[in-house]
$ cat query.cif   # mmCIF, C-alpha atoms
data_query
#
loop_
_atom_site.label_atom_id
_atom_site.label_comp_id
_atom_site.auth_asym_id
_atom_site.auth_seq_id
_atom_site.Cartn_x
_atom_site.Cartn_y
_atom_site.Cartn_z
CA MET A 30 201.69 72.33 104.93
CA ASP A 31 201.62 71.42 101.26
CA PRO A 32 198.70 69.17 100.34
CA ILE A 33 198.64 65.50 99.53
CA ILE A 34 197.87 65.45 95.82
CA ILE A 35 196.08 62.49 94.23
CA ILE A 36 196.14 62.17 90.43
CA GLY A 37 192.94 60.38 89.39
CA THR A 38 189.36 60.36 90.65
CA GLY A 39 188.45 56.75 90.05
CA LEU A 40 187.83 54.06 92.63
CA ALA A 41 191.51 54.02 93.64
CA GLY A 42 191.89 57.77 94.11
CA TYR A 43 188.60 58.29 95.90
CA GLY A 44 188.95 55.04 97.85
CA THR A 45 192.37 56.04 99.18
CA ALA A 46 191.06 59.47 100.15
CA ARG A 47 188.00 58.07 101.97
CA GLU A 48 190.21 55.85 104.10
CA PHE A 49 192.66 58.71 104.66
CA ARG A 50 189.94 61.04 105.90
CA LYS A 51 188.83 58.49 108.54
CA HIS A 52 192.19 59.09 110.21
CA ASP A 53 193.19 62.62 109.18
CA LYS A 54 190.67 65.40 108.75
CA ALA A 55 193.21 68.22 108.75
CA THR A 56 195.82 67.76 106.03
CA PRO A 57 194.78 69.49 102.80
CA LEU A 58 193.84 67.13 99.97
CA VAL A 59 193.90 68.02 96.27
CA PHE A 60 192.77 65.86 93.34
CA VAL A 61 193.82 66.39 89.74
CA THR A 62 191.75 64.56 87.13
CA ARG A 63 191.49 64.69 83.36
CA ASP A 64 187.74 63.95 83.50
CA ASP A 65 184.81 65.56 85.33
CA GLY A 66 185.63 63.95 88.67
CA ALA A 67 182.32 62.09 88.94
CA SER A 68 182.34 59.05 91.19
CA TYR A 69 180.88 55.87 89.69
CA TYR A 70 181.23 52.09 89.93
CA LYS A 71 182.91 50.99 86.71
CA PRO A 72 181.46 47.45 86.67
CA ASP A 73 178.02 49.10 86.26
CA LEU A 74 178.94 50.10 82.69
CA SER A 75 178.61 46.59 81.31
CA GLU A 76 175.10 46.10 82.71
CA ALA A 77 173.59 49.52 82.14
CA HIS A 78 171.94 49.04 78.78
CA ALA A 79 169.81 46.03 79.70
CA LYS A 80 168.86 47.79 82.95
CA ASP A 81 167.72 50.73 80.82
CA GLN A 82 170.10 53.09 82.58
CA GLN A 83 171.50 56.18 80.91
CA PRO A 84 175.24 56.76 81.44
CA ASP A 85 174.68 59.75 83.73
CA GLU A 86 172.44 57.66 85.98
CA LEU A 87 175.53 55.68 86.94
CA ILE A 88 177.09 58.67 88.65
CA LYS A 89 176.94 58.23 92.40
CA LYS A 90 178.33 61.65 93.31
CA ASP A 91 179.61 64.48 91.15
CA ALA A 92 182.91 66.29 91.80
CA GLU A 93 181.23 68.97 93.90
CA ALA A 94 179.66 66.38 96.20
CA MET A 95 182.92 64.45 96.43
CA ALA A 96 184.83 67.63 97.29
CA ALA A 97 182.39 68.26 100.12
CA GLU A 98 182.47 64.66 101.37
CA LEU A 99 186.27 64.51 101.39
CA ASP A 100 186.97 68.15 102.28
CA ALA A 101 189.18 68.29 99.20
CA THR A 102 189.86 70.50 96.21
CA ILE A 103 189.12 68.68 92.96
CA LEU A 104 190.73 70.12 89.84
CA THR A 105 188.86 68.65 86.88
CA HIS A 106 189.70 68.48 83.16
CA ARG A 107 193.41 68.92 83.88
CA GLN A 108 196.12 66.82 82.31
CA VAL A 109 199.32 66.49 84.34
CA GLU A 110 202.26 67.36 82.11
CA ALA A 111 205.14 66.48 84.38
CA ILE A 112 206.20 65.51 87.89
CA ASP A 113 209.19 67.40 89.27
CA ARG A 114 210.40 65.04 91.97
CA GLU A 115 213.16 67.30 93.21
CA LYS A 116 210.91 70.30 93.77
CA HIS A 117 207.91 68.13 94.78
CA GLU A 118 205.83 69.84 92.13
CA LEU A 119 203.29 68.93 89.49
CA ARG A 120 203.16 70.85 86.23
CA LEU A 121 199.82 71.05 84.48
CA ASN A 122 198.11 73.34 81.96
CA GLY A 123 200.20 76.33 82.95
CA GLU A 124 199.82 75.74 86.70
CA THR A 125 202.37 74.44 89.17
CA LEU A 126 201.21 72.60 92.29
CA LYS A 127 203.39 71.69 95.24
CA TYR A 128 202.81 68.41 97.07
CA SER A 129 203.93 67.00 100.39
CA LYS A 130 203.03 63.52 99.14
CA LEU A 131 201.84 62.42 95.72
CA VAL A 132 199.51 59.53 94.89
CA LEU A 133 199.37 58.18 91.35
CA ALA A 134 195.90 56.72 90.75
CA PHE A 135 195.42 57.30 87.04
CA GLY A 136 194.44 53.77 86.18
CA ALA A 137 194.83 51.76 83.03
CA GLU A 138 194.16 52.45 79.37
CA PRO A 139 192.58 50.15 76.81
CA ILE A 140 194.97 48.38 74.48
CA VAL A 141 194.31 49.68 70.97
CA LEU A 142 194.65 47.13 68.18
CA THR A 143 196.61 48.07 65.10
CA LEU A 144 193.94 47.75 62.44
CA SER A 145 194.01 48.53 58.75
CA GLY A 146 191.14 50.22 56.91
CA ASP A 147 189.39 53.55 56.64
CA ALA A 148 187.08 53.23 59.65
CA THR A 149 189.50 52.60 62.52
CA GLN A 150 188.54 55.91 64.15
CA ALA A 151 185.01 54.55 64.53
CA VAL A 152 186.13 51.80 66.93
CA HIS A 153 184.81 52.43 70.47
CA GLN A 154 186.46 51.91 73.86
CA VAL A 155 184.55 51.67 77.14
CA ASN A 156 187.10 51.86 79.94
CA ASN A 157 185.59 54.97 81.48
CA LEU A 158 182.24 56.73 81.76
CA ALA A 159 183.10 59.40 79.17
CA ASP A 160 183.92 56.78 76.52
CA TYR A 161 180.85 54.79 77.51
CA ARG A 162 178.67 57.86 77.01
CA THR A 163 180.08 58.22 73.49
CA PHE A 164 179.43 54.53 72.78
CA ARG A 165 175.80 54.74 73.94
CA ALA A 166 175.24 57.96 72.01
CA ASN A 167 176.57 56.35 68.83
CA LEU A 168 174.35 53.27 69.12
CA GLY A 169 171.57 55.30 67.49
CA GLU A 170 169.80 53.18 64.89
CA ALA A 171 172.34 50.36 65.09
CA LYS A 172 171.10 46.79 64.75
CA HIS A 173 174.38 44.90 64.88
CA ILE A 174 177.40 45.35 67.14
CA ALA A 175 180.79 43.70 66.66
CA VAL A 176 182.78 43.20 69.86
CA LEU A 177 186.53 42.69 69.55
CA GLY A 178 187.73 40.69 72.53
CA ALA A 179 186.11 37.82 74.42
CA GLY A 180 187.56 38.65 77.82
CA LEU A 181 185.63 39.80 80.87
CA ILE A 182 184.51 43.13 79.39
CA GLY A 183 183.79 41.79 75.91
CA CYS A 184 181.62 38.96 77.26
CA GLU A 185 179.73 41.18 79.71
CA PHE A 186 179.00 43.73 77.01
CA ALA A 187 177.96 41.00 74.58
CA ASN A 188 175.42 39.75 77.16
CA ASP A 189 174.22 43.27 77.96
CA LEU A 190 173.74 44.21 74.30
CA ILE A 191 172.06 41.00 73.25
CA GLU A 192 169.61 41.46 76.11
CA GLY A 193 169.07 44.95 74.75
CA GLY A 194 167.85 43.48 71.46
CA TYR A 195 170.94 43.99 69.31
CA GLN A 196 172.60 41.38 67.14
CA VAL A 197 176.08 40.74 68.49
CA SER A 198 179.21 39.12 67.09
CA VAL A 199 182.35 38.60 69.14
CA ALA A 200 185.82 37.99 67.71
CA ASP A 201 188.94 36.90 69.62
CA PRO A 202 192.12 35.06 68.64
CA ALA A 203 191.77 32.78 71.71
CA GLY A 204 190.05 29.42 71.42
CA TRP A 205 187.38 30.09 74.06
CA PRO A 206 185.89 33.07 75.91
CA LEU A 207 187.55 34.29 79.14
CA SER A 208 190.66 32.29 78.25
CA GLN A 209 192.86 34.35 80.61
CA LEU A 210 190.67 33.42 83.58
CA LEU A 211 189.03 30.07 82.86
CA PRO A 212 189.95 26.58 81.70
CA GLU A 213 188.52 25.63 78.29
CA GLU A 214 185.48 23.68 79.47
CA CYS A 215 184.32 26.57 81.67
CA GLY A 216 184.94 29.16 78.95
CA ASN A 217 182.93 27.02 76.57
CA ALA A 218 180.01 26.95 79.01
CA VAL A 219 179.84 30.73 78.67
CA ARG A 220 180.26 30.44 74.92
CA LYS A 221 177.39 27.97 74.61
CA GLU A 222 174.95 29.98 76.74
CA LEU A 223 175.70 33.24 74.95
CA HIS A 224 175.36 31.47 71.61
CA ARG A 225 172.00 30.14 72.75
CA VAL A 226 170.74 33.72 73.12
CA GLY A 227 172.11 34.72 69.74
CA VAL A 228 175.76 35.77 70.12
CA GLU A 229 177.82 34.82 67.06
CA TRP A 230 181.35 33.74 67.90
CA HIS A 231 184.45 34.16 65.74
CA LEU A 232 187.01 32.54 68.02
CA GLY A 233 190.54 31.64 67.02
CA HIS A 234 190.68 34.71 64.78
CA ALA A 235 192.05 38.20 65.24
CA ALA A 236 190.50 41.32 63.73
CA ILE A 237 192.90 42.93 61.27
CA GLY A 238 190.86 45.74 59.75
CA VAL A 239 187.74 47.91 59.93
CA HIS A 240 186.34 49.43 56.74
CA GLU A 241 183.41 51.57 55.76
CA SER A 242 180.91 49.60 53.74
CA GLY A 243 177.98 51.63 52.50
CA SER A 244 176.06 52.77 55.55
CA GLN A 245 177.66 50.04 57.63
CA LEU A 246 181.11 48.90 58.73
CA GLU A 247 182.96 45.74 57.91
CA VAL A 248 185.37 44.05 60.31
CA VAL A 249 187.95 41.87 58.56
CA LEU A 250 189.45 38.88 60.38
CA ASP A 251 192.78 37.19 59.79
CA ASN A 252 191.15 34.32 57.89
CA ASP A 253 189.52 36.82 55.51
CA ASP A 254 186.10 36.33 57.13
CA THR A 255 184.17 39.56 57.47
CA ILE A 256 181.57 40.79 59.93
CA ARG A 257 179.06 43.33 58.65
CA THR A 258 178.12 45.57 61.51
CA ASP A 259 176.89 49.01 62.56
CA VAL A 260 179.08 49.64 65.59
CA VAL A 261 182.46 48.23 66.63
CA LEU A 262 183.43 47.94 70.30
CA SER A 263 187.00 47.06 71.20
CA ALA A 264 187.64 45.34 74.54
CA VAL A 265 190.93 43.56 73.91
CA GLY A 266 192.67 44.29 77.18
CA LEU A 267 194.12 46.96 79.43
CA ARG A 268 197.56 48.14 80.33
CA ALA A 269 198.67 50.39 83.18
CA VAL A 270 199.18 54.07 82.40
CA THR A 271 202.84 54.74 83.22
CA GLY A 272 204.13 57.44 80.85
CA ILE A 273 204.19 60.35 83.26
CA ALA A 274 205.81 58.23 85.97
CA ASP A 275 208.38 56.89 83.53
CA LYS A 276 209.25 60.41 82.38
CA ALA A 277 209.76 61.40 86.00
CA GLY A 278 212.27 58.60 86.49
CA LEU A 279 210.13 56.31 88.65
CA LYS A 280 210.62 52.56 88.37
CA ILE A 281 208.19 51.05 85.86
CA ASP A 282 207.43 47.47 84.88
CA ARG A 283 203.92 46.19 84.10
CA GLY A 284 202.76 49.25 86.00
CA VAL A 285 204.27 51.86 88.29
CA VAL A 286 206.34 49.65 90.55
CA VAL A 287 205.42 49.77 94.25
CA ASP A 288 206.11 47.58 97.25
CA ARG A 289 203.46 46.29 99.61
CA THR A 290 203.30 49.69 101.31
CA LEU A 291 202.31 51.14 97.90
CA ARG A 292 205.47 53.26 97.83
CA THR A 293 207.16 53.88 94.48
CA SER A 294 210.91 54.22 93.98
CA ASP A 295 210.46 57.76 95.36
CA ALA A 296 209.88 58.16 99.11
CA HIS A 297 207.21 60.83 98.60
CA ILE A 298 205.26 59.17 95.79
CA TYR A 299 202.78 56.28 95.96
CA ALA A 300 200.76 54.45 93.32
CA VAL A 301 197.45 52.62 93.71
CA GLY A 302 194.86 50.96 91.49
CA ASP A 303 195.13 49.83 87.88
CA CYS A 304 198.29 51.89 87.25
CA ALA A 305 200.29 50.09 89.94
CA GLU A 306 202.30 46.89 89.95
CA VAL A 307 202.23 45.80 93.59
CA ASP A 308 205.00 43.49 94.79
CA GLY A 309 205.47 42.19 91.29
CA HIS A 310 201.79 41.69 90.44
CA TRP A 311 199.46 43.74 88.25
CA ARG A 312 195.86 42.94 89.15
CA PRO A 313 193.35 45.34 87.58
CA TYR A 314 190.35 44.33 89.70
CA VAL A 315 188.32 45.98 92.44
CA GLY A 316 189.37 43.55 95.20
CA PRO A 317 193.14 44.20 95.16
CA LEU A 318 192.50 47.88 94.37
CA MET A 319 190.39 48.45 97.47
CA GLN A 320 192.80 46.60 99.73
CA CYS A 321 195.63 48.84 98.46
CA ALA A 322 193.51 51.97 98.83
CA ARG A 323 192.69 51.13 102.44
CA THR A 324 196.30 50.34 103.29
CA LEU A 325 197.60 53.50 101.63
CA GLY A 326 194.91 55.73 103.14
CA LYS A 327 196.05 54.69 106.61
CA THR A 328 199.73 55.11 105.74
CA LEU A 329 199.19 58.63 104.40
CA ALA A 330 197.52 59.59 107.67
CA GLY A 331 200.39 58.23 109.71
CA SER A 332 203.30 60.11 111.23
CA GLU A 333 206.94 60.12 110.15
CA GLY A 334 208.05 57.48 112.62
CA ASP A 335 205.19 55.05 111.96
CA THR A 336 205.77 51.75 110.21
CA PRO A 337 203.61 51.80 107.08
CA GLY A 338 201.18 48.92 106.66
CA GLN A 339 201.73 46.11 104.17
CA VAL A 340 198.80 45.35 101.90
CA LYS A 341 197.15 41.97 102.28
CA TYR A 342 194.81 40.40 99.77
CA PRO A 343 192.11 38.16 101.26
CA THR A 344 190.11 35.75 99.10
CA LEU A 345 188.18 38.09 96.84
CA PRO A 346 187.02 36.47 93.59
CA ILE A 347 186.46 37.95 90.15
CA ILE A 348 182.79 38.09 89.20
CA VAL A 349 181.84 37.98 85.53
CA LYS A 350 178.32 39.29 85.06
CA THR A 351 177.38 37.34 81.95
CA HIS A 352 173.84 36.80 83.23
CA VAL A 353 173.03 33.89 80.94
CA CYS A 354 175.98 32.07 82.49
CA PRO A 355 177.48 33.95 85.43
CA VAL A 356 181.02 33.18 86.49
CA ILE A 357 182.81 33.48 89.82
CA VAL A 358 186.52 32.80 89.47
CA TYR A 359 189.47 32.90 91.82
CA PRO A 360 192.46 32.39 89.51
CA PRO A 361 195.33 30.44 91.09
CA VAL A 362 198.52 32.43 91.73
CA SER A 363 200.72 29.50 90.82
CA HIS A 364 200.67 27.54 87.57
CA HIS A 365 201.85 24.38 89.28
CA GLY A 366 198.75 22.24 89.36
CA GLU A 367 195.83 21.23 87.26
CA TRP A 368 192.17 21.96 86.83
CA LYS A 369 189.65 19.39 87.96
CA ILE A 370 186.16 20.06 86.62
CA GLU A 371 182.88 18.60 87.87
CA GLY A 372 179.24 19.08 87.07
CA LYS A 373 177.15 19.25 83.94
CA THR A 374 177.62 22.22 81.63
CA PRO A 375 176.79 25.07 82.07
CA ASP A 376 176.79 24.50 85.84
CA LEU A 377 180.44 23.63 86.40
CA GLU A 378 182.63 23.53 89.50
CA ALA A 379 186.31 23.71 88.67
CA THR A 380 189.14 23.59 91.19
CA PHE A 381 192.83 24.14 90.52
CA VAL A 382 194.77 21.77 92.74
CA ASP A 383 198.48 21.31 93.35
CA GLU A 384 200.21 17.94 93.47
CA ASP A 385 199.27 17.60 97.14
CA GLY A 386 195.62 18.06 96.27
CA ARG A 387 195.39 21.51 97.85
CA MET A 388 193.01 23.95 96.23
CA LEU A 389 194.85 27.00 94.85
CA GLY A 390 191.99 28.50 92.87
CA PHE A 391 188.50 27.79 91.58
CA ALA A 392 185.96 28.67 88.92
CA LEU A 393 182.17 28.34 89.13
CA THR A 394 179.79 28.79 86.23
CA GLY A 395 176.02 28.99 85.90
CA GLU A 396 174.03 27.62 88.84
CA ALA A 397 177.25 26.47 90.49
CA THR A 398 177.94 30.12 91.35
CA ASN A 399 175.40 29.64 94.16
CA LYS A 400 178.04 27.52 95.90
CA ARG A 401 180.46 30.44 96.06
CA ARG A 402 180.42 30.63 99.86
CA ASP A 403 181.88 27.16 100.32
CA TYR A 404 184.64 27.77 97.82
CA LEU A 405 185.56 31.21 99.18
CA LYS A 406 185.87 29.68 102.61
CA ASP A 407 188.37 27.04 101.46
CA ALA A 408 190.49 29.04 99.02
CA PRO A 409 193.86 30.41 100.19
CA ALA A 410 194.31 34.19 100.56
CA LEU A 411 196.01 35.81 97.59
CA MET A 412 198.65 37.63 99.63
CA GLU A 413 198.97 37.38 103.39
CA MET B 22 173.83 38.94 114.71
CA LYS B 23 175.55 38.12 111.44
CA LYS B 24 178.40 39.63 109.46
CA TRP B 25 178.35 40.08 105.71
CA GLN B 26 181.25 40.74 103.38
CA CYS B 27 181.30 42.42 100.01
CA ILE B 28 183.05 39.76 97.93
CA VAL B 29 184.08 42.39 95.42
CA CYS B 30 186.09 44.59 97.78
CA GLY B 31 186.10 43.04 101.24
CA PHE B 32 184.00 45.68 103.04
CA GLU B 33 182.27 44.17 106.07
CA TYR B 34 178.73 44.81 107.26
CA ASP B 35 178.12 43.85 110.87
CA GLU B 36 174.38 43.61 111.64
CA ALA B 37 175.03 44.49 115.28
CA GLN B 38 176.73 47.78 114.33
CA GLY B 39 174.59 48.79 111.37
CA MET B 40 175.82 51.78 109.33
CA PRO B 41 174.50 54.89 111.11
CA ASP B 42 176.28 57.16 108.59
CA GLU B 43 174.18 55.58 105.85
CA GLY B 44 170.97 55.72 107.87
CA ILE B 45 171.08 52.03 108.77
CA GLU B 46 170.43 51.51 112.46
CA PRO B 47 172.49 49.08 114.55
CA GLY B 48 170.77 45.72 114.61
CA THR B 49 169.39 46.00 111.07
CA LYS B 50 169.28 42.54 109.50
CA TRP B 51 170.79 42.11 106.07
CA ALA B 52 167.42 41.15 104.57
CA ASP B 53 165.95 44.45 105.75
CA ILE B 54 168.51 46.62 103.97
CA PRO B 55 166.97 47.99 100.74
CA ASP B 56 167.70 45.94 97.61
CA ASP B 57 169.09 48.94 95.76
CA TRP B 58 171.67 49.62 98.47
CA THR B 59 175.27 49.39 97.27
CA CYS B 60 178.58 48.84 99.04
CA PRO B 61 179.71 52.16 100.55
CA ASP B 62 183.36 51.40 99.78
CA CYS B 63 183.26 50.20 96.20
CA GLY B 64 179.70 50.51 94.91
CA ALA B 65 179.00 46.81 94.35
CA PRO B 66 175.34 45.76 94.50
CA LYS B 67 173.82 43.97 97.51
CA ASP B 68 173.87 40.66 95.58
CA ASP B 69 177.66 40.65 95.70
CA PHE B 70 177.72 40.26 99.47
CA GLU B 71 178.17 36.94 101.20
CA MET B 72 177.50 35.86 104.77
CA MET B 73 180.70 35.35 106.71
CA GLU B 74 181.54 32.45 108.93
CA VAL B 75 181.53 33.31 112.62
CA ASP B 76 184.74 31.91 114.07
#

$ encode --input "query.cif" --output "structure tokens"
Amino acid sequence: MDPIIIIGTGLAGYGTAREFRKHDKATPLVFVTRDDGASYYKPDLSEAHAKDQQPDELIKKDAEAMAAELDATILTHRQVEAIDREKHELRLNGETLKYSKLVLAFGAEPIVLTLSGDATQAVHQVNNLADYRTFRANLGEAKHIAVLGAGLIGCEFANDLIEGGYQVSVADPAGWPLSQLLPEECGNAVRKELHRVGVEWHLGHAAIGVHESGSQLEVVLDNDDTIRTDVVLSAVGLRAVTGIADKAGLKIDRGVVVDRTLRTSDAHIYAVGDCAEVDGHWRPYVGPLMQCARTLGKTLAGSEGDTPGQVKYPTLPIIVKTHVCPVIVYPPVSHHGEWKIEGKTPDLEATFVDEDGRMLGFALTGEATNKRRDYLKDAPALME
Amino acid sequence: MKKWQCIVCGFEYDEAQGMPDEGIEPGTKWADIPDDWTCPDCGAPKDDFEMMEVD
């Protein structure tokens, strides 16, 4: 029979395949990936420098080892050009591959700011190991690094680099760090602790340009302030990759639209991971990703008449590894409620409660993260 | 025997069952698993596991 083809060899693609192989060791499996197919844990990237780890040390298994583990064919450095849904074929680099089922697991891409200036090509991204390798290689003799974006990745990298002995500035139009995840007081706890170890904050201001300036670079902000720096790292957000799915006529919204069985608008095509919008939600985090991968892996191994499983999301929090002020946050699904914050900064316990006093979400910072067990126990599941 | 959950991805480690595929014998206590061990499903470090309530 024609193989199941998975596009993407990240945590979603490999995670789905691992689960699949627990139930089906016979159906041929083929991966197509634009990178080298190495398996790694992406959250490791933002801690590697301070741990004195080289990028390649983060690889858990290379493509060859993964192919052996999963009894799969892994086609590396291939870009998929088109999906032919009628013929059940993929077109890529002059090859045509036929699939029985197709899994889209090609993740998200970093949002690229529109910046003026003559040095915009020098701005780094770090959403994958290949880009991270380039970033580390270009650190060279750098003394100062400017980070654009004070979200999860920006803050983790700021902590990692300052621990590595660099000077670090962070710019973000939001009023406090981690503003998409945390209430102001909690975000400011992180701000204060990172400032204490030397991070310079430019909050409330967007970067508008990057220019060459002698042997250095200059980042220009919207209030005309400038940051003199050696290296610029952009971490301003992600968005799902959807182009190839869109071109093929699949339903797209914030990501490739799937239901709770991970099925797209095409009966033979599924989507999982950062590229997928599941039941109306786009959640680019490991927790939801792994639950989807496990659900889909089982479904793919099922027979025609089986009822496919619906993904459930238990209470899995988001961990922000800013070591000077760690954060564990479980953002509330609903906006109907308010934050109640207790404790003395930076050790804060915040709960988001509805009008009946029920806890819908929580955020812990600093030493309060040690209380995570109690909060995880009481928080409602994200999707049951 | 206790159960531990990876709070990053939900993978469960049951001390009674161990993880023979990973060379961890049934009955191995959480504290006795090497510190550099990572979650077999997602790769999260041992620190990101939490002890689960026994119902």

$ atom_distance --input "query.cif" --atom1 "CA of Asp64 (chain A)" --atom2 "CA of Ala159 (chain A)"
7.8 Å

$ resolve_selection --input "query.cif" --expression "the PyMOL selection byres ((chain A) within 10 of (chain B))" --output "PyMOL selection string"
chain A and resi 40-41+43-44+47-48+68-73+89+314-320+323+342-348+401-402+405-406

$ atom_distance --input "query.cif" --atom1 "CA of His240 (chain A)" --atom2 "CA of Glu138 (chain A)"
24.1 Å

$ residues_around --input "query.cif" --residues "Glu367 (chain A)" --least-positions-apart "4" --cutoff "9 Å" --atoms "only C-alpha atoms" --output "list in words"
Thr380, Phe381, Val382, Asp383 and Glu384 of chain A

$ axis_aligned_box --input "query.cif" --around "region 296-310 of chain A" --padding-each-side "6 Å" --output "lines of an AutoDock Vina configuration file"
center_x = 202.4
center_y = 51.3
center_z = 93.2
size_x = 27.0
size_y = 31.1
size_z = 23.9

$ atom_distance --input "query.cif" --atom1 "CA of Asp53 (chain A)" --atom2 "CA of Ser129 (chain A)"
14.6 Å

$ resolve_selection --input "query.cif" --expression "the PyMOL selection byres ((chain A and resi 188) around 9)" --output "list in words"
Ser75, Glu76, Ala79, Gly183, Cys184, Glu185, Phe186, Ala187, Asp189, Leu190, Ile191, Glu192, Gly193, Val197, Leu223, Val226, Val228, Lys350, Thr351, His352 and Val353 of chain A

$ closest_residue --input "query.cif" --among "A:Arg225, A:Ile237, A:Met95, A:Glu170" --to "Pro202 (chain A)" --atoms "all atoms listed in the file"
A:Ile237

$ residues_near_point --input "query.cif" --point "(195.3, 59.2, 102.7)" --cutoff "7 Å" --atoms "all atoms listed in the file" --output "PyMOL selection string"
chain A and resi 45-46+48-50+325-330

$ resolve_selection --input "query.cif" --expression "the PyMOL selection byres ((chain A and resi 121) around 9)" --output "JSON, numbers by chain"
{"A": [107, 108, 109, 110, 111, 119, 120, 122, 123, 124, 125, 126]}

$ closest_residue --input "query.cif" --among "A:Arg312, A:Arg292, A:His231, A:Lys130" --to "Leu267 (chain A)" --atoms "only C-alpha atoms"
A:Arg312

$ residues_near_point --input "query.cif" --point "(210.8, 59.1, 84.7)" --cutoff "12 Å" --atoms "all atoms listed in the file" --output "PyMOL selection string"
chain A and resi 111-114+271-281+285-286+293-295

$ closest_residue --input "query.cif" --among "A:Val349, A:Ile140, A:Leu211, A:Met388" --to "His365 (chain A)" --atoms "only C-alpha atoms"
A:Met388

$ closest_residue --input "query.cif" --among "A:Glu413, A:Glu118, A:Asp251, A:Glu86" --to "Leu144 (chain A)" --atoms "all atoms listed in the file"
A:Asp251
